[in-house]
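Enquirer: Sharing input-v5.cif (mmCIF, N, CA and C atoms and all ligand atoms) below.
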```
data_final
#
loop_
_atom_site.label_atom_id
_atom_site.label_comp_id
_atom_site.auth_asym_id
_atom_site.auth_seq_id
_atom_site.Cartn_x
_atom_site.Cartn_y
_atom_site.Cartn_z
N MET A 1441 10.20 -8.63 -9.77
CA MET A 1441 9.39 -9.44 -10.67
C MET A 1441 7.91 -9.04 -10.55
N THR A 1442 7.28 -8.66 -11.65
CA THR A 1442 5.85 -8.31 -11.60
C THR A 1442 5.04 -9.37 -12.35
N GLU A 1443 3.73 -9.35 -12.07
CA GLU A 1443 2.79 -10.29 -12.71
C GLU A 1443 2.01 -9.52 -13.77
N PRO A 1444 1.80 -10.12 -14.95
CA PRO A 1444 1.20 -9.38 -16.07
C PRO A 1444 -0.18 -8.80 -15.75
N HIS A 1445 -1.03 -9.54 -15.04
CA HIS A 1445 -2.42 -9.11 -14.88
C HIS A 1445 -2.74 -8.52 -13.51
N CYS A 1446 -1.77 -8.50 -12.63
CA CYS A 1446 -2.00 -7.97 -11.28
C CYS A 1446 -2.17 -6.45 -11.36
N ILE A 1447 -3.25 -5.95 -10.74
CA ILE A 1447 -3.57 -4.52 -10.88
C ILE A 1447 -2.48 -3.63 -10.26
N PHE A 1448 -1.92 -4.05 -9.12
CA PHE A 1448 -0.88 -3.21 -8.52
C PHE A 1448 0.45 -3.36 -9.27
N CYS A 1449 0.72 -4.52 -9.84
CA CYS A 1449 1.91 -4.63 -10.71
C CYS A 1449 1.75 -3.71 -11.92
N ARG A 1450 0.54 -3.61 -12.43
CA ARG A 1450 0.30 -2.73 -13.58
C ARG A 1450 0.50 -1.26 -13.18
N ILE A 1451 0.12 -0.92 -11.96
CA ILE A 1451 0.39 0.45 -11.47
C ILE A 1451 1.89 0.66 -11.33
N VAL A 1452 2.58 -0.34 -10.77
CA VAL A 1452 4.04 -0.24 -10.61
C VAL A 1452 4.69 -0.02 -11.97
N ARG A 1453 4.22 -0.73 -13.00
CA ARG A 1453 4.83 -0.63 -14.34
C ARG A 1453 4.41 0.64 -15.08
N GLY A 1454 3.47 1.40 -14.49
CA GLY A 1454 3.02 2.63 -15.14
C GLY A 1454 1.95 2.41 -16.18
N GLU A 1455 1.31 1.23 -16.19
CA GLU A 1455 0.29 0.93 -17.19
C GLU A 1455 -1.08 1.45 -16.78
N LEU A 1456 -1.27 1.68 -15.48
CA LEU A 1456 -2.51 2.27 -14.97
C LEU A 1456 -2.13 3.58 -14.28
N PRO A 1457 -2.99 4.61 -14.43
CA PRO A 1457 -2.64 5.92 -13.87
C PRO A 1457 -2.76 5.95 -12.35
N THR A 1458 -1.89 6.70 -11.73
CA THR A 1458 -1.98 6.95 -10.30
C THR A 1458 -1.12 8.16 -10.00
N LYS A 1459 -1.22 8.66 -8.78
CA LYS A 1459 -0.31 9.70 -8.31
C LYS A 1459 0.79 9.00 -7.53
N ARG A 1460 2.00 9.06 -8.03
CA ARG A 1460 3.11 8.37 -7.37
C ARG A 1460 3.62 9.28 -6.24
N ILE A 1461 3.12 9.01 -5.04
CA ILE A 1461 3.42 9.86 -3.89
C ILE A 1461 4.86 9.65 -3.43
N PHE A 1462 5.30 8.42 -3.49
CA PHE A 1462 6.69 8.09 -3.12
C PHE A 1462 7.08 6.85 -3.91
N GLU A 1463 8.31 6.81 -4.36
CA GLU A 1463 8.84 5.55 -4.87
C GLU A 1463 10.35 5.52 -4.77
N ASP A 1464 10.86 4.33 -4.58
CA ASP A 1464 12.28 4.11 -4.71
C ASP A 1464 12.44 2.80 -5.47
N ASP A 1465 13.57 2.14 -5.34
CA ASP A 1465 13.79 0.95 -6.15
C ASP A 1465 12.91 -0.22 -5.74
N GLU A 1466 12.36 -0.21 -4.52
CA GLU A 1466 11.59 -1.38 -4.08
C GLU A 1466 10.20 -1.10 -3.54
N ILE A 1467 9.83 0.16 -3.40
CA ILE A 1467 8.53 0.53 -2.80
C ILE A 1467 7.86 1.59 -3.66
N LEU A 1468 6.52 1.45 -3.82
CA LEU A 1468 5.71 2.50 -4.45
C LEU A 1468 4.55 2.83 -3.51
N VAL A 1469 4.25 4.12 -3.39
CA VAL A 1469 3.14 4.58 -2.55
C VAL A 1469 2.23 5.46 -3.40
N PHE A 1470 0.92 5.16 -3.35
CA PHE A 1470 -0.06 5.91 -4.13
C PHE A 1470 -1.36 6.00 -3.34
N PRO A 1471 -2.27 6.93 -3.71
CA PRO A 1471 -3.52 7.07 -2.98
C PRO A 1471 -4.48 5.92 -3.29
N ASP A 1472 -5.24 5.49 -2.27
CA ASP A 1472 -6.30 4.51 -2.51
C ASP A 1472 -7.38 5.17 -3.37
N ILE A 1473 -7.86 4.46 -4.38
CA ILE A 1473 -8.83 5.01 -5.32
C ILE A 1473 -10.20 5.21 -4.67
N ASN A 1474 -10.45 4.51 -3.58
CA ASN A 1474 -11.73 4.60 -2.86
C ASN A 1474 -11.43 4.85 -1.38
N PRO A 1475 -11.01 6.08 -1.08
CA PRO A 1475 -10.46 6.33 0.26
C PRO A 1475 -11.46 6.13 1.38
N ALA A 1476 -11.00 5.50 2.46
CA ALA A 1476 -11.81 5.26 3.64
C ALA A 1476 -11.55 6.30 4.72
N ALA A 1477 -10.62 7.19 4.48
CA ALA A 1477 -10.25 8.22 5.44
C ALA A 1477 -9.71 9.41 4.64
N PRO A 1478 -9.65 10.59 5.24
CA PRO A 1478 -9.14 11.76 4.50
C PRO A 1478 -7.76 11.53 3.89
N VAL A 1479 -6.91 10.82 4.62
CA VAL A 1479 -5.61 10.39 4.06
C VAL A 1479 -5.66 8.87 3.97
N HIS A 1480 -5.53 8.33 2.78
CA HIS A 1480 -5.56 6.87 2.60
C HIS A 1480 -4.55 6.50 1.52
N LEU A 1481 -3.40 6.05 1.98
CA LEU A 1481 -2.31 5.68 1.08
C LEU A 1481 -2.20 4.17 1.02
N LEU A 1482 -1.72 3.68 -0.11
CA LEU A 1482 -1.36 2.27 -0.25
C LEU A 1482 0.14 2.20 -0.51
N MET A 1483 0.81 1.37 0.27
CA MET A 1483 2.25 1.15 0.08
C MET A 1483 2.42 -0.26 -0.45
N VAL A 1484 3.08 -0.40 -1.58
CA VAL A 1484 3.26 -1.73 -2.16
C VAL A 1484 4.73 -1.98 -2.48
N PRO A 1485 5.15 -3.24 -2.35
CA PRO A 1485 6.46 -3.59 -2.88
C PRO A 1485 6.40 -3.58 -4.40
N LYS A 1486 7.47 -3.19 -5.05
CA LYS A 1486 7.47 -3.18 -6.52
C LYS A 1486 7.54 -4.59 -7.09
N THR A 1487 8.00 -5.51 -6.31
CA THR A 1487 7.99 -6.91 -6.74
C THR A 1487 6.68 -7.54 -6.28
N HIS A 1488 6.18 -8.50 -7.06
CA HIS A 1488 4.89 -9.11 -6.73
C HIS A 1488 5.02 -10.10 -5.58
N VAL A 1489 4.40 -9.75 -4.46
CA VAL A 1489 4.22 -10.67 -3.33
C VAL A 1489 2.72 -10.67 -3.08
N ALA A 1490 2.06 -11.84 -3.15
CA ALA A 1490 0.60 -11.86 -3.15
C ALA A 1490 0.01 -11.44 -1.81
N THR A 1491 0.55 -11.98 -0.73
CA THR A 1491 -0.03 -11.77 0.60
C THR A 1491 1.09 -11.65 1.63
N LEU A 1492 0.71 -11.20 2.81
CA LEU A 1492 1.70 -11.19 3.91
C LEU A 1492 2.11 -12.63 4.23
N ASP A 1493 1.13 -13.54 4.11
CA ASP A 1493 1.41 -14.97 4.27
C ASP A 1493 2.53 -15.46 3.36
N ALA A 1494 2.56 -14.92 2.16
CA ALA A 1494 3.52 -15.38 1.15
C ALA A 1494 4.89 -14.72 1.32
N ALA A 1495 4.96 -13.73 2.19
CA ALA A 1495 6.25 -13.06 2.40
C ALA A 1495 7.17 -13.96 3.21
N GLY A 1496 8.45 -13.83 2.97
CA GLY A 1496 9.41 -14.68 3.67
C GLY A 1496 10.55 -13.85 4.22
N ALA A 1497 11.54 -14.55 4.71
CA ALA A 1497 12.68 -13.88 5.35
C ALA A 1497 13.36 -12.90 4.38
N GLU A 1498 13.28 -13.20 3.09
CA GLU A 1498 13.92 -12.32 2.10
C GLU A 1498 13.22 -10.97 2.02
N HIS A 1499 12.02 -10.87 2.59
CA HIS A 1499 11.27 -9.61 2.55
C HIS A 1499 11.35 -8.83 3.87
N GLU A 1500 12.15 -9.32 4.78
CA GLU A 1500 12.20 -8.72 6.11
C GLU A 1500 12.60 -7.24 6.05
N ARG A 1501 13.61 -6.96 5.30
CA ARG A 1501 14.09 -5.58 5.21
C ARG A 1501 13.07 -4.68 4.51
N LEU A 1502 12.49 -5.20 3.44
CA LEU A 1502 11.46 -4.46 2.69
C LEU A 1502 10.27 -4.12 3.58
N LEU A 1503 9.77 -5.10 4.33
CA LEU A 1503 8.61 -4.85 5.20
C LEU A 1503 8.97 -3.85 6.29
N GLY A 1504 10.15 -3.96 6.81
CA GLY A 1504 10.60 -2.99 7.82
C GLY A 1504 10.69 -1.60 7.24
N ARG A 1505 11.19 -1.49 6.03
CA ARG A 1505 11.30 -0.18 5.39
C ARG A 1505 9.92 0.42 5.16
N MET A 1506 8.95 -0.42 4.74
CA MET A 1506 7.60 0.09 4.50
C MET A 1506 7.01 0.65 5.79
N LEU A 1507 7.13 -0.09 6.88
CA LEU A 1507 6.57 0.38 8.14
C LEU A 1507 7.23 1.67 8.61
N LEU A 1508 8.53 1.76 8.43
CA LEU A 1508 9.24 2.94 8.90
C LEU A 1508 8.99 4.16 8.02
N LEU A 1509 8.59 3.92 6.79
CA LEU A 1509 8.27 5.01 5.87
C LEU A 1509 6.88 5.60 6.15
N ALA A 1510 5.99 4.77 6.70
CA ALA A 1510 4.59 5.17 6.87
C ALA A 1510 4.40 6.46 7.69
N PRO A 1511 5.03 6.61 8.84
CA PRO A 1511 4.80 7.82 9.63
C PRO A 1511 5.16 9.10 8.88
N ARG A 1512 6.26 9.05 8.17
CA ARG A 1512 6.70 10.25 7.42
C ARG A 1512 5.71 10.60 6.32
N LEU A 1513 5.29 9.60 5.55
CA LEU A 1513 4.37 9.88 4.44
C LEU A 1513 3.01 10.29 4.95
N ALA A 1514 2.54 9.64 6.03
CA ALA A 1514 1.25 10.01 6.62
C ALA A 1514 1.28 11.49 7.00
N ARG A 1515 2.33 11.89 7.67
CA ARG A 1515 2.46 13.29 8.12
C ARG A 1515 2.52 14.21 6.91
N GLU A 1516 3.33 13.87 5.94
CA GLU A 1516 3.49 14.73 4.75
C GLU A 1516 2.19 14.88 3.98
N GLN A 1517 1.33 13.82 4.04
CA GLN A 1517 0.07 13.86 3.29
C GLN A 1517 -1.06 14.48 4.11
N GLY A 1518 -0.77 14.92 5.34
CA GLY A 1518 -1.75 15.67 6.11
C GLY A 1518 -2.29 14.97 7.34
N ALA A 1519 -1.86 13.73 7.59
CA ALA A 1519 -2.30 13.04 8.80
C ALA A 1519 -1.35 13.43 9.93
N THR A 1520 -1.62 14.60 10.52
CA THR A 1520 -0.68 15.17 11.50
C THR A 1520 -1.06 14.79 12.93
N ASN A 1521 -2.18 14.06 13.08
CA ASN A 1521 -2.67 13.76 14.42
C ASN A 1521 -2.83 12.26 14.65
N GLY A 1522 -2.04 11.48 13.93
CA GLY A 1522 -2.09 10.03 14.08
C GLY A 1522 -2.56 9.34 12.81
N PHE A 1523 -2.35 8.04 12.78
CA PHE A 1523 -2.73 7.26 11.60
C PHE A 1523 -2.88 5.81 12.02
N ARG A 1524 -3.44 5.02 11.10
CA ARG A 1524 -3.61 3.59 11.34
C ARG A 1524 -3.01 2.82 10.17
N ILE A 1525 -2.38 1.70 10.49
CA ILE A 1525 -1.81 0.80 9.48
C ILE A 1525 -2.70 -0.44 9.41
N VAL A 1526 -3.08 -0.83 8.20
CA VAL A 1526 -3.90 -2.04 8.02
C VAL A 1526 -3.27 -2.90 6.92
N ILE A 1527 -3.13 -4.19 7.20
CA ILE A 1527 -2.76 -5.15 6.15
C ILE A 1527 -3.82 -6.25 6.15
N ASN A 1528 -4.64 -6.28 5.12
CA ASN A 1528 -5.62 -7.35 4.99
C ASN A 1528 -4.94 -8.56 4.36
N ASN A 1529 -5.21 -9.74 4.92
CA ASN A 1529 -4.52 -10.94 4.44
C ASN A 1529 -5.53 -12.06 4.20
N GLY A 1530 -5.69 -12.45 2.95
CA GLY A 1530 -6.52 -13.60 2.60
C GLY A 1530 -8.01 -13.29 2.66
N PRO A 1531 -8.83 -14.26 2.23
CA PRO A 1531 -10.28 -14.05 2.13
C PRO A 1531 -10.92 -13.60 3.44
N ASP A 1532 -10.63 -14.27 4.52
CA ASP A 1532 -11.24 -13.88 5.79
C ASP A 1532 -10.63 -12.61 6.36
N GLY A 1533 -9.50 -12.20 5.82
CA GLY A 1533 -8.89 -10.93 6.21
C GLY A 1533 -9.39 -9.78 5.37
N GLY A 1534 -10.32 -10.06 4.44
CA GLY A 1534 -10.90 -9.00 3.62
C GLY A 1534 -9.99 -8.51 2.50
N GLN A 1535 -8.99 -9.32 2.13
CA GLN A 1535 -8.09 -8.89 1.06
C GLN A 1535 -8.78 -9.00 -0.29
N GLU A 1536 -8.75 -7.90 -1.05
CA GLU A 1536 -9.37 -7.88 -2.37
C GLU A 1536 -8.34 -7.90 -3.49
N VAL A 1537 -7.23 -7.23 -3.26
CA VAL A 1537 -6.17 -7.20 -4.26
C VAL A 1537 -5.01 -8.06 -3.76
N TYR A 1538 -4.69 -9.09 -4.55
CA TYR A 1538 -3.68 -10.05 -4.09
C TYR A 1538 -2.28 -9.65 -4.55
N HIS A 1539 -1.91 -8.46 -4.13
CA HIS A 1539 -0.54 -7.95 -4.18
C HIS A 1539 -0.38 -7.23 -2.85
N LEU A 1540 0.50 -7.74 -2.03
CA LEU A 1540 0.69 -7.23 -0.67
C LEU A 1540 0.69 -5.70 -0.64
N HIS A 1541 -0.13 -5.14 0.25
CA HIS A 1541 -0.15 -3.69 0.40
C HIS A 1541 -0.45 -3.30 1.83
N VAL A 1542 0.11 -2.18 2.22
CA VAL A 1542 -0.10 -1.61 3.54
C VAL A 1542 -0.99 -0.38 3.38
N HIS A 1543 -2.17 -0.41 4.03
CA HIS A 1543 -3.02 0.78 4.06
C HIS A 1543 -2.49 1.72 5.14
N VAL A 1544 -2.38 2.99 4.80
CA VAL A 1544 -2.04 4.02 5.79
C VAL A 1544 -3.22 4.99 5.83
N LEU A 1545 -3.92 5.00 6.96
CA LEU A 1545 -5.16 5.77 7.08
C LEU A 1545 -5.00 6.84 8.15
N GLY A 1546 -5.42 8.06 7.82
CA GLY A 1546 -5.33 9.13 8.80
C GLY A 1546 -6.20 10.29 8.42
N GLY A 1547 -6.05 11.36 9.16
CA GLY A 1547 -6.88 12.54 8.95
C GLY A 1547 -8.02 12.57 9.95
N PRO A 1548 -8.72 13.71 10.01
CA PRO A 1548 -9.79 13.87 11.00
C PRO A 1548 -10.87 12.81 10.87
N ARG A 1549 -11.34 12.29 11.99
CA ARG A 1549 -12.44 11.32 12.01
C ARG A 1549 -13.77 12.06 11.93
N PRO A 1550 -14.90 11.38 11.60
CA PRO A 1550 -15.04 9.95 11.44
C PRO A 1550 -14.59 9.48 10.06
N TRP A 1551 -14.13 8.24 10.01
CA TRP A 1551 -13.75 7.63 8.75
C TRP A 1551 -14.92 6.82 8.23
N LYS A 1552 -14.85 6.52 6.93
CA LYS A 1552 -15.96 5.84 6.27
C LYS A 1552 -16.10 4.38 6.72
N ARG A 1553 -15.02 3.68 6.83
CA ARG A 1553 -15.05 2.25 7.15
C ARG A 1553 -13.67 1.81 7.62
N LEU A 1554 -13.49 0.56 7.84
CA LEU A 1554 -12.27 -0.12 8.33
C LEU A 1554 -12.14 -0.11 9.84
P1 LIG B 1601 -7.67 -4.80 0.23
O1 LIG B 1601 -9.08 -5.07 0.62
O2 LIG B 1601 -6.76 -4.63 1.41
O3 LIG B 1601 -7.16 -5.79 -0.78
O4 LIG B 1601 -7.70 -3.37 -0.42
C1 LIG B 1601 -7.56 -3.11 -1.77
C2 LIG B 1601 -7.62 -1.63 -1.92
O5 LIG B 1601 -7.15 -1.28 -3.21
C3 LIG B 1601 -9.04 -1.04 -1.78
O6 LIG B 1601 -9.06 -0.11 -0.71
C4 LIG B 1601 -9.27 -0.36 -3.14
O7 LIG B 1601 -9.97 0.85 -3.02
C5 LIG B 1601 -7.85 -0.15 -3.64
N1 LIG B 1601 -7.69 -0.08 -5.09
C6 LIG B 1601 -8.18 -0.94 -6.02
N2 LIG B 1601 -7.82 -0.56 -7.25
C7 LIG B 1601 -7.07 0.57 -7.12
C8 LIG B 1601 -6.40 1.44 -8.02
N3 LIG B 1601 -6.43 1.22 -9.35
N4 LIG B 1601 -5.74 2.49 -7.52
C9 LIG B 1601 -5.72 2.72 -6.19
N5 LIG B 1601 -6.31 1.93 -5.28
C10 LIG B 1601 -6.99 0.87 -5.73
ZN ZN B 1602 1.37 -7.67 -8.27
#
```
Represent the structure of the file as structure tokens.
Ligand code: AMP
Ligand code: ZN

Expert:
Amino acid sequence: MTEPHCIFCRIVRGELPTKRIFEDDEILVFPDINPAAPVHLLMVPKTHVATLDAAGAEHERLLGRMLLLAPRLAREQGATNGFRIVINNGPDGGQEVYHLHVHVLGGPRPWKRL
């Protein structure tokens, strides 16, 4: 289920351009438009879940799959010497886009921020 005006739902539906680095029936991975590191991927569920707070037991498998996919994609995209996973949650967590996403950051340091 997607939301009409959510920016990441619009990317999932193909209404906004991106490079689809990986996708299957429940996950889409694309580059962050304002990268904070040489490798900066966003992993999103194809269904609209606003925050990690809003995720429930029904998302357990999906969240596990996203985490287990991250090392492979980080490596394939050039982060061969380690990476960082970030999930911002809510206003004080610095979340700007309210569609759950996992940042995958890697590549040679120094990074711009985060
Ligand atoms: P957060 O602060 O965790 O909500 O991060 C949102 C991220 O989405 C930021 O790093 C933005 O650069 C990124 N972003 C926003 N719009 C787009 C877009 N159209 N395509 C790719 N990344 C985006
Ligand atoms: Zn959405």

Enquirer: Residues of chain A that approach ligand LIG 1601 (chain B) to 12 Å or less, counting only C-alpha atoms and all ligand atoms: could you list each one with the shortest pair of atoms and its distance in Å to one decimal, rows by chain and increasing residue number, as JSON lines?

Expert:
```
{"residue": "A:Cys1446", "atom": "CA", "partner": "B:LIG1601", "partner_atom": "N2", "distance": 10.2}
{"residue": "A:Ile1447", "atom": "CA", "partner": "B:LIG1601", "partner_atom": "N3", "distance": 6.6}
{"residue": "A:Phe1448", "atom": "CA", "partner": "B:LIG1601", "partner_atom": "N3", "distance": 7.1}
{"residue": "A:Cys1449", "atom": "CA", "partner": "B:LIG1601", "partner_atom": "N3", "distance": 10.3}
{"residue": "A:Arg1450", "atom": "CA", "partner": "B:LIG1601", "partner_atom": "N3", "distance": 8.9}
{"residue": "A:Ile1451", "atom": "CA", "partner": "B:LIG1601", "partner_atom": "N3", "distance": 7.2}
{"residue": "A:Val1452", "atom": "CA", "partner": "B:LIG1601", "partner_atom": "N4", "distance": 10.6}
{"residue": "A:Gly1454", "atom": "CA", "partner": "B:LIG1601", "partner_atom": "N3", "distance": 11.2}
{"residue": "A:Glu1455", "atom": "CA", "partner": "B:LIG1601", "partner_atom": "N3", "distance": 10.3}
{"residue": "A:Leu1456", "atom": "CA", "partner": "B:LIG1601", "partner_atom": "N3", "distance": 6.9}
{"residue": "A:Pro1457", "atom": "CA", "partner": "B:LIG1601", "partner_atom": "N3", "distance": 7.5}
{"residue": "A:Thr1458", "atom": "CA", "partner": "B:LIG1601", "partner_atom": "N4", "distance": 6.5}
{"residue": "A:Lys1459", "atom": "CA", "partner": "B:LIG1601", "partner_atom": "N4", "distance": 9.1}
{"residue": "A:Arg1460", "atom": "CA", "partner": "B:LIG1601", "partner_atom": "C9", "distance": 10.5}
{"residue": "A:Ile1461", "atom": "CA", "partner": "B:LIG1601", "partner_atom": "C9", "distance": 11.8}
{"residue": "A:Leu1468", "atom": "CA", "partner": "B:LIG1601", "partner_atom": "C9", "distance": 11.6}
{"residue": "A:Val1469", "atom": "CA", "partner": "B:LIG1601", "partner_atom": "C9", "distance": 9.8}
{"residue": "A:Phe1470", "atom": "CA", "partner": "B:LIG1601", "partner_atom": "C9", "distance": 6.8}
{"residue": "A:Pro1471", "atom": "CA", "partner": "B:LIG1601", "partner_atom": "C9", "distance": 5.8}
{"residue": "A:Asp1472", "atom": "CA", "partner": "B:LIG1601", "partner_atom": "N5", "distance": 3.8}
{"residue": "A:Ile1473", "atom": "CA", "partner": "B:LIG1601", "partner_atom": "C9", "distance": 4.0}
{"residue": "A:Asn1474", "atom": "CA", "partner": "B:LIG1601", "partner_atom": "O7", "distance": 4.1}
{"residue": "A:Pro1475", "atom": "CA", "partner": "B:LIG1601", "partner_atom": "O7", "distance": 6.4}
{"residue": "A:Ala1476", "atom": "CA", "partner": "B:LIG1601", "partner_atom": "O6", "distance": 7.4}
{"residue": "A:Ala1477", "atom": "CA", "partner": "B:LIG1601", "partner_atom": "O6", "distance": 10.4}
{"residue": "A:His1480", "atom": "CA", "partner": "B:LIG1601", "partner_atom": "O6", "distance": 8.5}
{"residue": "A:Leu1481", "atom": "CA", "partner": "B:LIG1601", "partner_atom": "N5", "distance": 8.4}
{"residue": "A:Leu1482", "atom": "CA", "partner": "B:LIG1601", "partner_atom": "N5", "distance": 7.1}
{"residue": "A:Met1483", "atom": "CA", "partner": "B:LIG1601", "partner_atom": "N5", "distance": 10.1}
{"residue": "A:Val1484", "atom": "CA", "partner": "B:LIG1601", "partner_atom": "O5", "distance": 10.5}
{"residue": "A:Ala1490", "atom": "CA", "partner": "B:LIG1601", "partner_atom": "O3", "distance": 10.1}
{"residue": "A:Thr1491", "atom": "CA", "partner": "B:LIG1601", "partner_atom": "O3", "distance": 9.4}
{"residue": "A:Leu1492", "atom": "CA", "partner": "B:LIG1601", "partner_atom": "O2", "distance": 11.0}
{"residue": "A:Ile1525", "atom": "CA", "partner": "B:LIG1601", "partner_atom": "O2", "distance": 10.9}
{"residue": "A:Val1526", "atom": "CA", "partner": "B:LIG1601", "partner_atom": "O2", "distance": 7.7}
{"residue": "A:Ile1527", "atom": "CA", "partner": "B:LIG1601", "partner_atom": "O2", "distance": 6.2}
{"residue": "A:Asn1528", "atom": "CA", "partner": "B:LIG1601", "partner_atom": "O2", "distance": 4.6}
{"residue": "A:Asn1529", "atom": "CA", "partner": "B:LIG1601", "partner_atom": "O2", "distance": 7.3}
{"residue": "A:Gly1530", "atom": "CA", "partner": "B:LIG1601", "partner_atom": "O3", "distance": 8.5}
{"residue": "A:Pro1531", "atom": "CA", "partner": "B:LIG1601", "partner_atom": "O1", "distance": 9.2}
{"residue": "A:Asp1532", "atom": "CA", "partner": "B:LIG1601", "partner_atom": "O1", "distance": 10.4}
{"residue": "A:Gly1533", "atom": "CA", "partner": "B:LIG1601", "partner_atom": "O1", "distance": 8.1}
{"residue": "A:Gly1534", "atom": "CA", "partner": "B:LIG1601", "partner_atom": "O1", "distance": 5.3}
{"residue": "A:Gln1535", "atom": "CA", "partner": "B:LIG1601", "partner_atom": "O3", "distance": 3.7}
{"residue": "A:Glu1536", "atom": "CA", "partner": "B:LIG1601", "partner_atom": "O3", "distance": 3.4}
{"residue": "A:Val1537", "atom": "CA", "partner": "B:LIG1601", "partner_atom": "O3", "distance": 3.9}
{"residue": "A:Tyr1538", "atom": "CA", "partner": "B:LIG1601", "partner_atom": "O3", "distance": 6.4}
{"residue": "A:His1539", "atom": "CA", "partner": "B:LIG1601", "partner_atom": "O3", "distance": 7.7}
{"residue": "A:Leu1540", "atom": "CA", "partner": "B:LIG1601", "partner_atom": "O3", "distance": 8.0}
{"residue": "A:His1541", "atom": "CA", "partner": "B:LIG1601", "partner_atom": "O2", "distance": 6.8}
{"residue": "A:Val1542", "atom": "CA", "partner": "B:LIG1601", "partner_atom": "O2", "distance": 7.6}
{"residue": "A:His1543", "atom": "CA", "partner": "B:LIG1601", "partner_atom": "O2", "distance": 7.1}
{"residue": "A:Val1544", "atom": "CA", "partner": "B:LIG1601", "partner_atom": "O6", "distance": 10.4}
{"residue": "A:Leu1545", "atom": "CA", "partner": "B:LIG1601", "partner_atom": "O6", "distance": 10.5}
{"residue": "A:Lys1552", "atom": "CA", "partner": "B:LIG1601", "partner_atom": "O6", "distance": 11.5}
{"residue": "A:Arg1553", "atom": "CA", "partner": "B:LIG1601", "partner_atom": "O6", "distance": 10.2}
{"residue": "A:Leu1554", "atom": "CA", "partner": "B:LIG1601", "partner_atom": "O6", "distance": 9.6}
```

Enquirer: Could you pull out the residues in segment 1452-1514 of chain A that DSSP calls alpha helix (DSSP H) from the backbone, as a list of chain:residue names?

Expert: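 Of segment 1452-1514 of chain A, the ones in alpha helix (DSSP H) are A:Val1452, A:Glu1500, A:Arg1501, A:Leu1502, A:Leu1503, A:Gly1504, A:Arg1505, A:Met1506, A:Leu1507, A:Leu1508, A:Leu1509, A:Ala1510, A:Pro1511, A:Arg1512, A:Leu1513, A:Ala1514.
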
Enquirer: Suppose you want the space between atom N of Glu1500 of chain A and atom N of Asp1464 of chain A; what is it in Å?

Expert: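 Interatomic distance here is 16.6 Å.
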
Enquirer: Counting all atoms listed in the file, which residue out of A:Pro1478, A:Leu1513, A:Asp1465, A:Thr1487 sits closest to ligand ZN 1602 (chain B)?

Expert: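 Looking at the shortest contact to ligand ZN 1602 (chain B), the residue is A:Thr1487.
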
Enquirer: Interatomic distance between atom CA of Trp1551 of chain A and atom N of Asn1521 of chain A?

Expert: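 Atom-to-atom, atom CA of Trp1551 of chain A and atom N of Asn1521 of chain A are spaced 13.9 Å apart.
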
Enquirer: So what do you get for atom N of Leu1502 of chain A versus atom N of Gly1522 of chain A, distance-wise?

Expert: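 Those two atoms sit 24.5 Å apart.
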
Enquirer: From the options A:Arg1515, A:Pro1444, A:His1499, A:Gly1546, which residue's atoms come nearest to ligand ZN 1602 (chain B), counting only N, CA and C atoms and all ligand atoms?

Expert: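 Of A:Arg1515, A:Pro1444, A:His1499, A:Gly1546, the one nearest ligand ZN 1602 (chain B), counting only N, CA and C atoms and all ligand atoms, is A:Pro1444.
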
Enquirer: Nearest to ligand ZN 1602 (chain B) among A:Arg1501, A:His1488, A:Arg1549, A:Arg1453, with distances taken over all atoms listed in the file: which residue is it?

Expert: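 Looking only at the distances to ligand ZN 1602 (chain B), the closest residue turns out to be A:His1488.
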
Enquirer: For each of A:Arg1524, A:Val1479, A:Phe1462, A:Pro1485, take the minimum atom-to-atom distance to ligand ZN 1602 (chain B), counting only N, CA and C atoms and all ligand atoms, then give the residue where this is smallest.

Expert: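 Nearest candidate to ligand ZN 1602 (chain B) out of A:Arg1524, A:Val1479, A:Phe1462, A:Pro1485: A:Pro1485.
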
Enquirer: Output, as AutoDock Vina command-line options, the centre and edge lengths in Å (one decimal) of the axis-aligned box that contains all listed atoms of segment 1456-1473 of chain A with 5 Å of margin on each side.

Expert:
```
--center_x 1.8 --center_y 4.2 --center_z -8.9 --size_x 34.0 --size_y 21.2 --size_z 23.2
```
